[in-house]
Structure formats: structure tokens, C-alpha cells
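**Q** Mind looking over this structure? Questions follow.
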Amino acid sequence: MQRGERNLGIAVAVMAVCAAIAFLGWGVTGGAAQEEQAVGRYEVAVPDLVLDTATGKLTSKGQVLEQAIDPSGQEIGRYSVDGFITAVTRRVGLNVLEQPVVWPELVKGYVIVDTKTGQIVKQRTYYSRALQEGDL
């Protein structure tokens, strides 16, 4: 009887170890799958834009420029952003000596595209002010 009880104890211990290994393996692969889904979730664009590619929410230095286009966020990579920063001449004139003078402005903007349909979802100039020395 002792031999049978011993074999039963060994069998139970082996099954417990196998179950623990299977459980750990399942947890590791599940965690890896979740990490892989998060890769590509955010996209950065010039000059200071961050887009959540699943929802379409756009921020600049912590300030929300666009609320979520698709709050459900089911599809990572659904939206893409391209930003721009440029100097634009808004006014031209003559000074008191009759010499031409130019007043440029610093302009920042962005375009958000739905990568599934190829349509431009949003486009906007979000910053404009007189160009200062050293801006560009």
C-alpha cells in the first residue's frame, strides 16, 4: 500500500508542476500579445504633435488639439498625422524711406488622414504669430 500511495503522490506532484508550467506559459504569451497590440499606438509629427493612431486624438505639448475621432479605438494605425511649420509672408509694405519691408509669420498646422479610406479627416492651422529672430 505504501508503494501505491507513493506513486499516487508523485503523479499528483508531476501533474501540479505541469499545470503550473502551462499556466505560466499561457500568461506570458497573453502578456506578449497585449504588448504587441500597443506597438504603433502613437505617432509623432513635426513640430510637437502626438497622435493616438487608434482614436485620432491629437495633442501638442499636453494640450488637446483634436478630440478623439473614433473614441472606441478598435484599430491601431487607423489614423496618421503630418504636421508642418513654416514662415509665411502675410504683409509687404514700404517703410518711411520708401524701402520694401516684409512681415513674416510663424505658422504651425497639421493634417489627419484616415488610413483605411485615404480621406483627410481634419486639417487645421493651430498656431500663428509674428516671426521672431531665432524662431527657425
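Residue numbering restarts at 1 for every chain of the C-alpha cells, chains are lettered A, B, ... in their displayed order, and ligands are numbered from 1 as they appear.
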Within 8 Å of A:Val46, counting only C-alpha atoms, which residues show up once you throw out same-chain ones fewer than 3 positions away? Write them as a PyMOL selection string, please.

**A** chain A and resi 49+82-85

**Q** Could you save the residues just selected, with C-alpha atoms, as an mmCIF file, in the first residue's frame?

**A**
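Dumped to result01.cif:
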data_model
loop_
_atom_site.group_PDB
_atom_site.id
_atom_site.type_symbol
_atom_site.label_atom_id
_atom_site.label_comp_id
_atom_site.auth_asym_id
_atom_site.auth_seq_id
_atom_site.Cartn_x
_atom_site.Cartn_y
_atom_site.Cartn_z
ATOM 1 C CA LEU A 49 2.405 66.715 -32.274
ATOM 2 C CA ASP A 82 1.548 65.064 -40.747
ATOM 3 C CA GLY A 83 2.480 68.419 -39.278
ATOM 4 C CA PHE A 84 4.199 71.462 -40.705
ATOM 5 C CA ILE A 85 5.960 74.578 -39.502
#

**Q** Excluding stretch 75-77 of chain A and any residue of its chain fewer than 3 positions from it, enumerate the residues within 7 Å of it, using only C-alpha atoms, and give them as a PDB file with C-alpha atoms, in the first residue's frame.

**A**
ATOM      1  CA  GLY A  40       2.337  51.629 -33.122  1.00  0.00           C
ATOM      2  CA  ARG A  41      -0.362  53.183 -30.979  1.00  0.00           C
ATOM      3  CA  THR A  53      -3.420  56.229 -34.099  1.00  0.00           C
ATOM      4  CA  ALA A  54      -6.347  54.194 -32.781  1.00  0.00           C
TER       5      ALA A  54
END

**Q** Could you check the closest approach to A:Ser128 for each of A:Leu51, A:Lys116, A:Lys57, A:Val88 and tell me which residue wins, using only C-alpha atoms?

**A**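 Selected residue with least distance to A:Ser128: A:Val88.
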
**Q** In terms of the shortest atom-to-atom distance over only C-alpha atoms, which of A:Gly62, A:Pro100, A:Pro47, A:Gly56 is closest to A:Ser80?

**A**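 Of all the options, A:Gly56 lies closest to A:Ser80.
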
**Q** Would you please work out which residue, of A:Gly93, A:Trp103, A:Thr55, A:Val113, is nearest to A:Gln74 when using only C-alpha atoms?

**A**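 Under the stated criterion, the closest residue is A:Thr55.
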
**Q** Which distance in Å separates atom CA of A:Tyr126 and atom CA of A:Val92, to one decimal?

**A** 23.1 Å

**Q** For atom CA of A:Ser60 and atom CA of A:Arg78, determine how far apart the two atoms are, in Å to one decimal place.

**A**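 Atom-to-atom, atom CA of A:Ser60 and atom CA of A:Arg78 are spaced 19.5 Å apart.
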
**Q** Taking the chain letters and numbering used in this document, name the residues of stretch 26-134 of chain A that DSSP puts in strand (DSSP E), as an MDAnalysis selection string.

**A** chainID A and resid 42:45 49:52 58:60 63:66 79:94 100:114 119:130

**Q** Would you mind listing what lies within 8 Å of A:Tyr127 as an mmCIF file with N, CA and C atoms, in the first residue's frame, with only C-alpha atoms counted and same-chain residues fewer than 3 positions away left out?

**A**
data_model
loop_
_atom_site.group_PDB
_atom_site.id
_atom_site.type_symbol
_atom_site.label_atom_id
_atom_site.label_comp_id
_atom_site.auth_asym_id
_atom_site.auth_seq_id
_atom_site.Cartn_x
_atom_site.Cartn_y
_atom_site.Cartn_z
ATOM 1 N N LEU A 106 5.188 83.016 -38.233
ATOM 2 C CA LEU A 106 5.464 81.604 -37.985
ATOM 3 C C LEU A 106 4.122 80.889 -37.928
ATOM 4 N N VAL A 107 3.959 79.850 -38.742
ATOM 5 C CA VAL A 107 2.690 79.132 -38.838
ATOM 6 C C VAL A 107 2.932 77.646 -38.599
ATOM 7 N N LYS A 108 2.078 77.031 -37.745
ATOM 8 C CA LYS A 108 2.112 75.590 -37.498
ATOM 9 C C LYS A 108 0.739 75.020 -37.831
ATOM 10 N N GLY A 109 0.741 73.831 -38.443
ATOM 11 C CA GLY A 109 -0.520 73.190 -38.787
ATOM 12 C C GLY A 109 -0.376 71.687 -38.875
#
